[in-house]
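Coordinates as given in upload06.pdb (PDB, C-alpha atoms):
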```
ATOM      1  CA  MET B   1      24.608 -11.122  63.404
ATOM      2  CA  LYS B   2      22.082  -8.621  64.698
ATOM      3  CA  SER B   3      19.017 -10.013  66.380
ATOM      4  CA  ILE B   4      16.135  -9.212  68.678
ATOM      5  CA  SER B   5      16.154 -11.224  71.870
ATOM      6  CA  TYR B   6      14.406 -11.543  75.211
ATOM      7  CA  SER B   7      15.137 -13.450  78.407
ATOM      8  CA  ALA B   8      11.992 -12.738  80.426
ATOM      9  CA  PHE B   9       8.297 -12.321  79.741
ATOM     10  CA  GLY B  10       6.836  -8.842  79.673
ATOM     11  CA  PRO B  11       5.764  -5.870  77.534
ATOM     12  CA  ALA B  12       7.530  -5.747  74.173
ATOM     13  CA  SER B  13       9.108  -2.341  74.802
ATOM     14  CA  GLN B  14      10.648  -3.603  78.045
ATOM     15  CA  VAL B  15      11.902  -7.087  77.172
ATOM     16  CA  LEU B  16      12.829  -7.010  73.469
ATOM     17  CA  HIS B  17      16.396  -5.857  72.854
ATOM     18  CA  LEU B  18      18.549  -5.452  69.746
ATOM     19  CA  VAL B  19      21.793  -7.361  70.318
ATOM     20  CA  ASP B  20      24.868  -8.566  68.456
ATOM     21  CA  MET B  21      25.429 -12.313  68.496
ATOM     22  CA  PRO B  22      27.762 -14.723  66.720
ATOM     23  CA  THR B  23      26.336 -15.587  63.315
ATOM     24  CA  SER B  24      24.643 -18.982  63.444
ATOM     25  CA  GLU B  25      26.551 -21.818  61.791
ATOM     26  CA  PRO B  26      24.594 -24.599  60.064
ATOM     27  CA  GLY B  27      24.987 -28.023  61.610
ATOM     28  CA  ALA B  28      24.481 -31.388  59.964
ATOM     29  CA  GLY B  29      21.372 -31.330  57.791
ATOM     30  CA  GLN B  30      20.964 -27.589  58.268
ATOM     31  CA  VAL B  31      21.127 -24.443  56.175
ATOM     32  CA  ARG B  32      21.915 -20.873  57.141
ATOM     33  CA  VAL B  33      19.552 -18.285  55.732
ATOM     34  CA  ALA B  34      20.319 -14.585  55.361
ATOM     35  CA  LEU B  35      16.892 -13.270  56.249
ATOM     36  CA  HIS B  36      15.075 -10.465  54.436
ATOM     37  CA  PHE B  37      11.803 -10.440  56.378
ATOM     38  CA  SER B  38      10.463 -11.940  59.594
ATOM     39  CA  GLY B  39       6.736 -12.447  60.111
ATOM     40  CA  VAL B  40       5.172 -11.420  63.437
ATOM     41  CA  ASN B  41       2.186 -13.535  64.429
ATOM     42  CA  PRO B  42      -0.145 -13.491  67.445
ATOM     43  CA  SER B  43       1.499 -16.694  68.682
ATOM     44  CA  ASP B  44       4.876 -14.906  68.757
ATOM     45  CA  VAL B  45       3.342 -12.075  70.771
ATOM     46  CA  LYS B  46       1.702 -14.471  73.239
ATOM     47  CA  ALA B  47       4.953 -16.391  73.678
ATOM     48  CA  ARG B  48       6.893 -13.196  74.431
ATOM     49  CA  SER B  49       4.262 -11.771  76.787
ATOM     50  CA  GLY B  50       3.957 -14.993  78.800
ATOM     51  CA  SER B  51       0.227 -15.282  78.218
ATOM     52  CA  ARG B  52       0.193 -18.936  77.203
ATOM     53  CA  PRO B  53      -1.686 -21.032  79.802
ATOM     54  CA  GLY B  54       0.544 -22.856  82.254
ATOM     55  CA  VAL B  55       3.812 -21.284  81.062
ATOM     56  CA  THR B  56       5.549 -19.291  83.799
ATOM     57  CA  LYS B  57       8.995 -18.635  82.316
ATOM     58  CA  PRO B  58      10.711 -18.733  78.909
ATOM     59  CA  ALA B  59      11.813 -22.173  77.753
ATOM     60  CA  PHE B  60      15.352 -20.941  77.027
ATOM     61  CA  ASP B  61      17.729 -18.477  78.699
ATOM     62  CA  GLN B  62      17.777 -16.311  75.555
ATOM     63  CA  ILE B  63      15.178 -16.328  72.806
ATOM     64  CA  ILE B  64      15.146 -14.817  69.334
ATOM     65  CA  PRO B  65      11.396 -14.705  68.544
ATOM     66  CA  HIS B  66       9.309 -15.464  65.437
ATOM     67  CA  SER B  67       8.767 -18.617  63.434
ATOM     68  CA  ASP B  68       8.082 -17.191  59.956
ATOM     69  CA  GLY B  69      10.482 -15.566  57.557
ATOM     70  CA  ALA B  70      12.006 -15.446  54.091
ATOM     71  CA  GLY B  71      15.508 -14.962  52.754
ATOM     72  CA  VAL B  72      18.378 -16.564  50.843
ATOM     73  CA  ILE B  73      20.424 -19.618  51.780
ATOM     74  CA  GLU B  74      24.061 -18.586  52.127
ATOM     75  CA  ALA B  75      25.640 -21.666  53.734
ATOM     76  CA  VAL B  76      24.869 -25.351  54.214
ATOM     77  CA  GLY B  77      25.923 -27.921  56.759
ATOM     78  CA  PRO B  78      27.128 -31.490  56.245
ATOM     79  CA  GLY B  79      24.626 -33.597  54.349
ATOM     80  CA  VAL B  80      23.034 -30.709  52.459
ATOM     81  CA  SER B  81      23.867 -30.119  48.800
ATOM     82  CA  ASP B  82      25.755 -26.897  48.161
ATOM     83  CA  THR B  83      23.472 -26.377  45.164
ATOM     84  CA  ARG B  84      21.044 -24.885  47.668
ATOM     85  CA  ILE B  85      23.366 -21.927  48.293
ATOM     86  CA  GLY B  86      21.774 -18.841  46.753
ATOM     87  CA  GLU B  87      18.265 -20.342  46.865
ATOM     88  CA  ARG B  88      15.374 -18.052  47.826
ATOM     89  CA  VAL B  89      13.365 -19.702  50.615
ATOM     90  CA  TRP B  90      10.550 -19.242  53.089
ATOM     91  CA  ILE B  91      10.659 -20.662  56.594
ATOM     92  CA  TRP B  92       8.263 -22.539  58.841
ATOM     93  CA  ASN B  93       8.640 -23.334  62.581
ATOM     94  CA  GLY B  94      11.714 -21.124  62.849
ATOM     95  CA  GLN B  95      11.392 -20.749  66.623
ATOM     96  CA  TRP B  96       9.178 -23.712  67.460
ATOM     97  CA  GLN B  97      10.862 -25.648  70.291
ATOM     98  CA  ARG B  98      14.112 -23.870  69.415
ATOM     99  CA  PRO B  99      15.649 -20.799  71.065
ATOM    100  CA  PHE B 100      16.544 -18.811  67.956
ATOM    101  CA  GLY B 101      13.898 -17.707  65.454
ATOM    102  CA  THR B 102      13.703 -15.306  62.523
ATOM    103  CA  ALA B 103      13.891 -11.886  64.239
ATOM    104  CA  ALA B 104      17.542 -11.653  63.194
ATOM    105  CA  THR B 105      19.737 -11.121  60.180
ATOM    106  CA  HIS B 106      20.436 -14.886  59.991
ATOM    107  CA  ILE B 107      19.028 -18.210  61.097
ATOM    108  CA  ALA B 108      20.376 -21.765  60.946
ATOM    109  CA  LEU B 109      17.734 -24.490  60.910
ATOM    110  CA  PRO B 110      16.937 -27.924  59.394
ATOM    111  CA  ALA B 111      17.063 -27.792  55.597
ATOM    112  CA  GLU B 112      13.479 -29.025  55.164
ATOM    113  CA  GLN B 113      12.231 -25.975  57.073
ATOM    114  CA  ALA B 114      13.607 -23.697  54.352
ATOM    115  CA  VAL B 115      11.168 -24.159  51.461
ATOM    116  CA  PRO B 116      12.166 -22.995  47.966
ATOM    117  CA  LEU B 117      10.274 -19.781  47.218
ATOM    118  CA  PRO B 118       8.878 -19.598  43.672
ATOM    119  CA  ASP B 119      10.754 -17.059  41.564
ATOM    120  CA  ASP B 120       7.724 -14.842  41.003
ATOM    121  CA  VAL B 121       6.727 -14.708  44.688
ATOM    122  CA  SER B 122       8.039 -11.802  46.776
ATOM    123  CA  MET B 123      10.033 -12.190  49.964
ATOM    124  CA  GLU B 124       7.262 -10.319  51.791
ATOM    125  CA  THR B 125       4.744 -12.944  50.724
ATOM    126  CA  GLY B 126       7.193 -15.675  51.681
ATOM    127  CA  ALA B 127       7.273 -14.354  55.235
ATOM    128  CA  VAL B 128       3.479 -14.823  55.480
ATOM    129  CA  LEU B 129       3.358 -18.428  54.238
ATOM    130  CA  GLY B 130       4.456 -20.126  57.464
ATOM    131  CA  ILE B 131       1.837 -19.813  60.189
ATOM    132  CA  PRO B 132      -0.952 -17.922  58.337
ATOM    133  CA  GLY B 133      -0.490 -19.613  54.967
ATOM    134  CA  LEU B 134      -0.116 -23.185  56.157
ATOM    135  CA  THR B 135      -2.955 -22.791  58.665
ATOM    136  CA  ALA B 136      -5.284 -21.484  55.973
ATOM    137  CA  ALA B 137      -4.307 -24.166  53.468
ATOM    138  CA  HIS B 138      -4.703 -27.031  55.919
ATOM    139  CA  ALA B 139      -7.933 -25.597  57.327
ATOM    140  CA  VAL B 140      -9.441 -25.480  53.840
ATOM    141  CA  PHE B 141      -7.977 -28.663  52.307
ATOM    142  CA  GLY B 142      -7.253 -30.829  55.355
ATOM    143  CA  SER B 143      -9.858 -33.373  54.284
ATOM    144  CA  GLY B 144      -9.116 -33.131  50.554
ATOM    145  CA  ASP B 145     -10.617 -31.221  47.663
ATOM    146  CA  VAL B 146     -13.479 -28.839  48.368
ATOM    147  CA  ARG B 147     -14.844 -28.369  44.857
ATOM    148  CA  GLY B 148     -18.635 -28.216  44.991
ATOM    149  CA  GLU B 149     -18.713 -27.923  48.784
ATOM    150  CA  THR B 150     -19.771 -24.990  50.937
ATOM    151  CA  LEU B 151     -17.291 -23.535  53.403
ATOM    152  CA  LEU B 152     -18.145 -21.281  56.324
ATOM    153  CA  ILE B 153     -15.121 -19.205  57.316
ATOM    154  CA  HIS B 154     -15.425 -17.350  60.604
ATOM    155  CA  GLY B 155     -13.293 -14.199  60.743
ATOM    156  CA  GLY B 156     -12.752 -13.748  57.024
ATOM    157  CA  ALA B 157     -11.009 -10.395  57.500
ATOM    158  CA  GLY B 158      -8.197 -11.801  59.671
ATOM    159  CA  THR B 159      -4.939 -12.842  58.075
ATOM    160  CA  VAL B 160      -5.699 -16.588  58.147
ATOM    161  CA  GLY B 161      -9.358 -16.079  57.259
ATOM    162  CA  PHE B 162      -8.505 -13.779  54.349
ATOM    163  CA  LEU B 163      -6.157 -16.393  52.902
ATOM    164  CA  ALA B 164      -8.673 -19.182  53.557
ATOM    165  CA  VAL B 165     -11.394 -17.331  51.639
ATOM    166  CA  GLN B 166      -9.103 -17.013  48.624
ATOM    167  CA  LEU B 167      -7.990 -20.643  48.813
ATOM    168  CA  GLY B 168     -11.562 -21.889  49.180
ATOM    169  CA  LYS B 169     -12.674 -20.012  46.063
ATOM    170  CA  TRP B 170      -9.595 -21.189  44.170
ATOM    171  CA  GLY B 171     -10.488 -24.734  45.216
ATOM    172  CA  GLY B 172     -13.975 -24.460  43.725
ATOM    173  CA  ALA B 173     -16.050 -24.081  46.900
ATOM    174  CA  ARG B 174     -18.892 -21.752  47.725
ATOM    175  CA  VAL B 175     -17.556 -19.544  50.508
ATOM    176  CA  ILE B 176     -19.689 -17.936  53.187
ATOM    177  CA  ALA B 177     -17.660 -15.829  55.615
ATOM    178  CA  THR B 178     -18.258 -13.727  58.695
ATOM    179  CA  ALA B 179     -16.702 -10.381  59.525
ATOM    180  CA  ARG B 180     -17.692  -6.995  60.900
ATOM    181  CA  GLY B 181     -17.466  -3.343  59.866
ATOM    182  CA  ASP B 182     -14.731  -2.607  57.348
ATOM    183  CA  GLY B 183     -13.747  -6.266  57.547
ATOM    184  CA  MET B 184     -16.877  -7.154  55.587
ATOM    185  CA  THR B 185     -15.618  -5.165  52.593
ATOM    186  CA  ARG B 186     -12.179  -6.706  52.928
ATOM    187  CA  THR B 187     -13.643 -10.213  53.030
ATOM    188  CA  THR B 188     -15.769  -9.522  49.972
ATOM    189  CA  GLN B 189     -12.626  -8.368  48.174
ATOM    190  CA  ALA B 190     -11.018 -11.695  49.044
ATOM    191  CA  GLY B 191     -13.730 -13.367  46.949
ATOM    192  CA  ALA B 192     -16.309 -14.640  49.443
ATOM    193  CA  ASP B 193     -19.688 -15.359  47.862
ATOM    194  CA  THR B 194     -21.504 -14.042  50.938
ATOM    195  CA  VAL B 195     -20.204 -12.042  53.898
ATOM    196  CA  LEU B 196     -22.298 -11.876  57.059
ATOM    197  CA  ASP B 197     -21.966  -9.750  60.183
ATOM    198  CA  TYR B 198     -20.910 -12.087  62.978
ATOM    199  CA  THR B 199     -22.850 -10.002  65.520
ATOM    200  CA  ASP B 200     -26.166 -10.757  63.772
ATOM    201  CA  PRO B 201     -28.451 -12.339  66.413
ATOM    202  CA  ASP B 202     -29.940 -14.545  63.677
ATOM    203  CA  LEU B 203     -26.580 -15.524  62.189
ATOM    204  CA  GLY B 204     -27.442 -19.211  61.981
ATOM    205  CA  ALA B 205     -30.496 -18.547  59.849
ATOM    206  CA  ALA B 206     -28.545 -16.092  57.694
ATOM    207  CA  ILE B 207     -25.829 -18.676  57.062
ATOM    208  CA  LEU B 208     -28.338 -21.305  55.954
ATOM    209  CA  ALA B 209     -30.189 -18.799  53.789
ATOM    210  CA  ALA B 210     -26.908 -17.929  52.066
ATOM    211  CA  ASN B 211     -26.482 -21.627  51.277
ATOM    212  CA  ASP B 212     -29.998 -22.013  49.823
ATOM    213  CA  GLY B 213     -31.204 -23.622  53.048
ATOM    214  CA  ALA B 214     -28.585 -26.387  53.006
ATOM    215  CA  LEU B 215     -26.227 -27.219  55.863
ATOM    216  CA  ILE B 216     -22.503 -26.433  55.672
ATOM    217  CA  ASP B 217     -19.913 -29.013  54.624
ATOM    218  CA  ARG B 218     -16.863 -27.530  56.329
ATOM    219  CA  ILE B 219     -16.415 -24.770  58.906
ATOM    220  CA  ILE B 220     -13.127 -22.936  59.492
ATOM    221  CA  ASP B 221     -13.197 -21.345  62.918
ATOM    222  CA  THR B 222     -10.924 -18.801  64.578
ATOM    223  CA  GLU B 223     -13.043 -18.612  67.772
ATOM    224  CA  PHE B 224     -14.313 -22.130  68.338
ATOM    225  CA  GLY B 225     -15.450 -21.629  71.933
ATOM    226  CA  VAL B 226     -17.631 -18.659  71.027
ATOM    227  CA  ASN B 227     -19.027 -20.342  67.906
ATOM    228  CA  ALA B 228     -19.421 -23.962  69.038
ATOM    229  CA  ALA B 229     -23.208 -23.869  69.382
ATOM    230  CA  LEU B 230     -23.620 -22.031  66.075
ATOM    231  CA  ASP B 231     -21.285 -24.465  64.338
ATOM    232  CA  ALA B 232     -23.286 -27.407  65.652
ATOM    233  CA  GLU B 233     -26.459 -25.792  64.349
ATOM    234  CA  VAL B 234     -25.280 -25.266  60.782
ATOM    235  CA  ILE B 235     -22.810 -28.118  60.155
ATOM    236  CA  ALA B 236     -23.938 -30.846  57.778
ATOM    237  CA  PRO B 237     -24.017 -34.533  58.743
ATOM    238  CA  ASN B 238     -20.440 -35.877  58.621
ATOM    239  CA  GLY B 239     -19.192 -32.315  58.247
ATOM    240  CA  VAL B 240     -15.890 -31.030  59.611
ATOM    241  CA  ILE B 241     -15.204 -28.106  61.936
ATOM    242  CA  ALA B 242     -11.565 -27.080  61.472
ATOM    243  CA  ALA B 243     -10.743 -24.941  64.511
ATOM    244  CA  TYR B 244      -7.445 -23.093  64.702
ATOM    245  CA  GLY B 245      -8.237 -20.694  67.538
ATOM    246  CA  SER B 246     -10.402 -20.126  70.620
ATOM    247  CA  ALA B 247      -8.747 -17.209  72.397
ATOM    248  CA  LYS B 248     -11.986 -15.840  73.857
ATOM    249  CA  ASP B 249     -12.971 -19.183  75.421
ATOM    250  CA  LEU B 250     -10.204 -21.720  75.963
ATOM    251  CA  SER B 251     -12.494 -24.077  77.898
ATOM    252  CA  PRO B 252     -15.632 -24.213  75.763
ATOM    253  CA  THR B 253     -18.775 -26.118  76.623
ATOM    254  CA  LEU B 254     -19.563 -28.380  73.675
ATOM    255  CA  PRO B 255     -23.107 -29.027  72.462
ATOM    256  CA  PHE B 256     -22.332 -32.738  72.292
ATOM    257  CA  GLY B 257     -25.846 -33.880  71.415
ATOM    258  CA  PRO B 258     -26.240 -31.807  68.229
ATOM    259  CA  LEU B 259     -22.672 -32.647  67.196
ATOM    260  CA  LEU B 260     -23.240 -36.345  67.894
ATOM    261  CA  PHE B 261     -26.336 -36.548  65.740
ATOM    262  CA  LYS B 262     -24.495 -34.816  62.922
ATOM    263  CA  ALA B 263     -21.515 -37.193  63.355
ATOM    264  CA  ALA B 264     -19.452 -34.022  63.070
ATOM    265  CA  THR B 265     -15.679 -34.070  63.208
ATOM    266  CA  ILE B 266     -13.883 -31.416  65.256
ATOM    267  CA  ASP B 267     -10.419 -31.014  63.778
ATOM    268  CA  ILE B 268      -8.258 -28.876  66.079
ATOM    269  CA  LEU B 269      -5.323 -27.446  64.145
ATOM    270  CA  LEU B 270      -1.928 -26.518  65.550
ATOM    271  CA  ILE B 271       0.163 -25.869  62.481
ATOM    272  CA  TYR B 272       3.441 -26.317  64.370
ATOM    273  CA  LEU B 273       2.626 -30.024  64.800
ATOM    274  CA  LEU B 274       1.380 -30.743  61.284
ATOM    275  CA  PRO B 275       2.752 -34.138  60.170
ATOM    276  CA  PRO B 276       5.104 -34.068  57.148
ATOM    277  CA  PRO B 277       2.643 -35.477  54.571
ATOM    278  CA  GLU B 278      -0.033 -32.945  55.499
ATOM    279  CA  ARG B 279       2.521 -30.127  55.585
ATOM    280  CA  ASP B 280       3.848 -31.085  52.157
ATOM    281  CA  ALA B 281       0.292 -31.130  50.800
ATOM    282  CA  ALA B 282      -0.419 -27.675  52.234
ATOM    283  CA  ILE B 283       2.820 -26.298  50.771
ATOM    284  CA  LYS B 284       1.899 -27.657  47.337
ATOM    285  CA  ARG B 285      -1.544 -26.053  47.574
ATOM    286  CA  LEU B 286      -0.066 -22.687  48.549
ATOM    287  CA  HIS B 287       2.463 -22.741  45.724
ATOM    288  CA  ALA B 288      -0.155 -23.818  43.205
ATOM    289  CA  ALA B 289      -2.546 -21.047  44.248
ATOM    290  CA  LEU B 290       0.264 -18.494  44.092
ATOM    291  CA  GLY B 291       1.249 -19.792  40.660
ATOM    292  CA  ASP B 292      -2.318 -19.373  39.448
ATOM    293  CA  GLY B 293      -2.417 -15.788  40.719
ATOM    294  CA  ALA B 294      -5.247 -16.777  43.069
ATOM    295  CA  LEU B 295      -3.619 -15.899  46.379
ATOM    296  CA  VAL B 296      -2.653 -12.462  47.672
ATOM    297  CA  CYS B 297      -0.962 -12.139  51.076
ATOM    298  CA  PRO B 298      -1.430  -8.496  52.140
ATOM    299  CA  VAL B 299       1.112  -6.809  54.408
ATOM    300  CA  HIS B 300      -0.306  -4.172  56.741
ATOM    301  CA  ASP B 301       2.993  -2.694  57.896
ATOM    302  CA  THR B 302       6.737  -3.377  57.931
ATOM    303  CA  PHE B 303       9.102  -2.355  60.743
ATOM    304  CA  ALA B 304      12.879  -2.138  60.973
ATOM    305  CA  LEU B 305      14.591  -4.818  63.056
ATOM    306  CA  ALA B 306      15.375  -2.285  65.783
ATOM    307  CA  ASP B 307      11.649  -1.438  65.945
ATOM    308  CA  CYS B 308      10.548  -5.020  66.572
ATOM    309  CA  ALA B 309       8.799  -3.981  69.797
ATOM    310  CA  ALA B 310       6.565  -1.657  67.775
ATOM    311  CA  ALA B 311       5.757  -4.556  65.450
ATOM    312  CA  HIS B 312       4.636  -6.634  68.438
ATOM    313  CA  GLU B 313       2.521  -3.746  69.686
ATOM    314  CA  ALA B 314       0.881  -3.455  66.252
ATOM    315  CA  VAL B 315      -0.125  -7.121  66.416
ATOM    316  CA  GLU B 316      -1.452  -6.693  69.955
ATOM    317  CA  ALA B 317      -3.504  -3.650  68.905
ATOM    318  CA  GLY B 318      -5.405  -5.711  66.326
ATOM    319  CA  GLY B 319      -7.571  -4.165  63.629
ATOM    320  CA  ARG B 320      -4.977  -4.953  60.986
ATOM    321  CA  ALA B 321      -5.708  -5.415  57.297
ATOM    322  CA  GLY B 322      -2.806  -7.748  56.686
ATOM    323  CA  ALA B 323       0.378  -9.203  58.140
ATOM    324  CA  ILE B 324       3.007  -7.426  60.228
ATOM    325  CA  LEU B 325       6.604  -7.906  59.075
ATOM    326  CA  VAL B 326      10.049  -6.964  60.319
ATOM    327  CA  ASP B 327      12.652  -6.074  57.687
ATOM    328  CA  THR B 328      15.682  -7.879  59.096
ATOM    329  CA  ARG B 329      18.054  -6.074  56.724
ATOM    330  CA  THR B 330      17.408  -2.676  58.337
TER     331      THR B 330
END
```

Any chance you could put this one into structure tokens?
Amino acid sequence: MKSISYSAFGPASQVLHLVDMPTSEPGAGQVRVALHFSGVNPSDVKARSGSRPGVTKPAFDQIIPHSDGAGVIEAVGPGVSDTRIGERVWIWNGQWQRPFGTAATHIALPAEQAVPLPDDVSMETGAVLGIPGLTAAHAVFGSGDVRGETLLIHGGAGTVGFLAVQLGKWGGARVIATARGDGMTRTTQAGADTVLDYTDPDLGAAILAANDGALIDRIIDTEFGVNAALDAEVIAPNGVIAAYGSAKDLSPTLPFGPLLFKAATIDILLIYLLPPPERDAAIKRLHAALGDGALVCPVHDTFALADCAAAHEAVEAGGRAGAILVDTRT
């Protein structure tokens, strides 16, 4: 099989190489998927660059990056029904705590990590459902239904935020989101009831005004460290702050007093570690929203497998209006 691999941290153009490897064989309880697309996420880029705190060298001698993807099952291992052969699937945790991910023509992995892809959902969309899709679904619905609630979604123009806005509206919530520049138009197109500029010096007051003066039931936050004080200001008593990122401040100072007297819950999400019941619930939500035509997963650009380094550079550059994919068939 053809794959992209790296053995040392560094710039994408220097460490990512197209190589030929033996095609992966499925072991017990596994399936082998002929991949169509591989999703490139910021976590994949950070892992390859060596920018994760406390990590000084790759965990394996050779790594095929990327955890998300979509394709067709072409072989099964012992214990897996051969009725799954030919099934269209999308993949989660493809390279989580494993050396070989989805930046290849094939992957062998546990059967439960290859989720049947609904017939009317494209392979491109399937490759976005792993990290962005599951994060958005759990961030929105991690405490249950949101009908009648108000959600504040920081970073509504980002891939996760854009999906979360759509899911929140589909779930019956009022959605207030933050963005900036062209991202404000994009977030409005996703269906947000109100979109606010996150650089507004009076953002807290603007958020409350958009909610008729009421506090916010649930906050979905991509930059928790930067927004912690604001979140504490606008969260309702017994509200939940679902934080899935804090890249700009990994050691935030928490306004404990205001959070204490709101009895607020801080729910830190790492989608790789989502327990099976919560993961199954998020998958069902995603499929239901897709089935209702309520969820669009935009793709900003698609690169050939040999151009995987350029795909990583596109993620690093930011400013994207959608996901970055690698076509593993080319």

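Selection result for the displayed file, with the PyMOL selection byres ((chain B and resi 268) around 10) as criterion, is Ala139, Asp221, Phe224, Ile241, Ala242, Ala243, Tyr244, Gly245, Thr265, Ile266, Asp267, Leu269, Leu270 and Ile271 of chain B.
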
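Applied to this file, the PyMOL selection byres ((chain B and resi 130) around 10) selects Gly39, Asn41, Ser67, Asp68, Gly69, Ala70, Trp90, Ile91, Trp92, Asn93, Gly94, Gln113, Val115, Thr125, Gly126, Ala127, Val128, Leu129, Ile131, Pro132, Gly133, Leu134, Thr135, Ala136, Ile271, Tyr272 and Ile283 of chain B.
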
Checklist entry - Neighbours of His154 (chain B) within 8 Å (all atoms listed in the file; same-chain residues fewer than 5 positions away dropped), as JSON, numbers by chain? => result {"B": [161, 177, 178, 179, 198, 219, 220, 221, 222, 223]}

Checklist entry - Just how far from CA of Ile63 (chain B) is CA of Pro275 (chain B), in Å to one decimal? => result 25.1 Å

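Once the PyMOL selection byres ((chain B and resi 199) around 12) is applied to this file, the selection holds His154, Gly155, Thr178, Ala179, Arg180, Gly181, Met184, Leu196, Asp197, Tyr198, Asp200, Pro201, Asp202, Leu203, Gly204, Ala206, Val226 and Asn227 of chain B.
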
Next on the checklist: Under the rule that all atoms listed in the file are counted, which of B:Leu117, B:Ile64, B:Leu290, B:Leu18 is the nearest residue to Gln97 (chain B)?
Outcome noted: B:Ile64

Next on the checklist: What's around Tyr6 (chain B) at 8 Å? Count only C-alpha atoms, leave out sequence neighbours fewer than 4 positions away in its own chain, and write the answer as a PyMOL selection string.
Outcome noted: chain B and resi 15-17+48+62-65
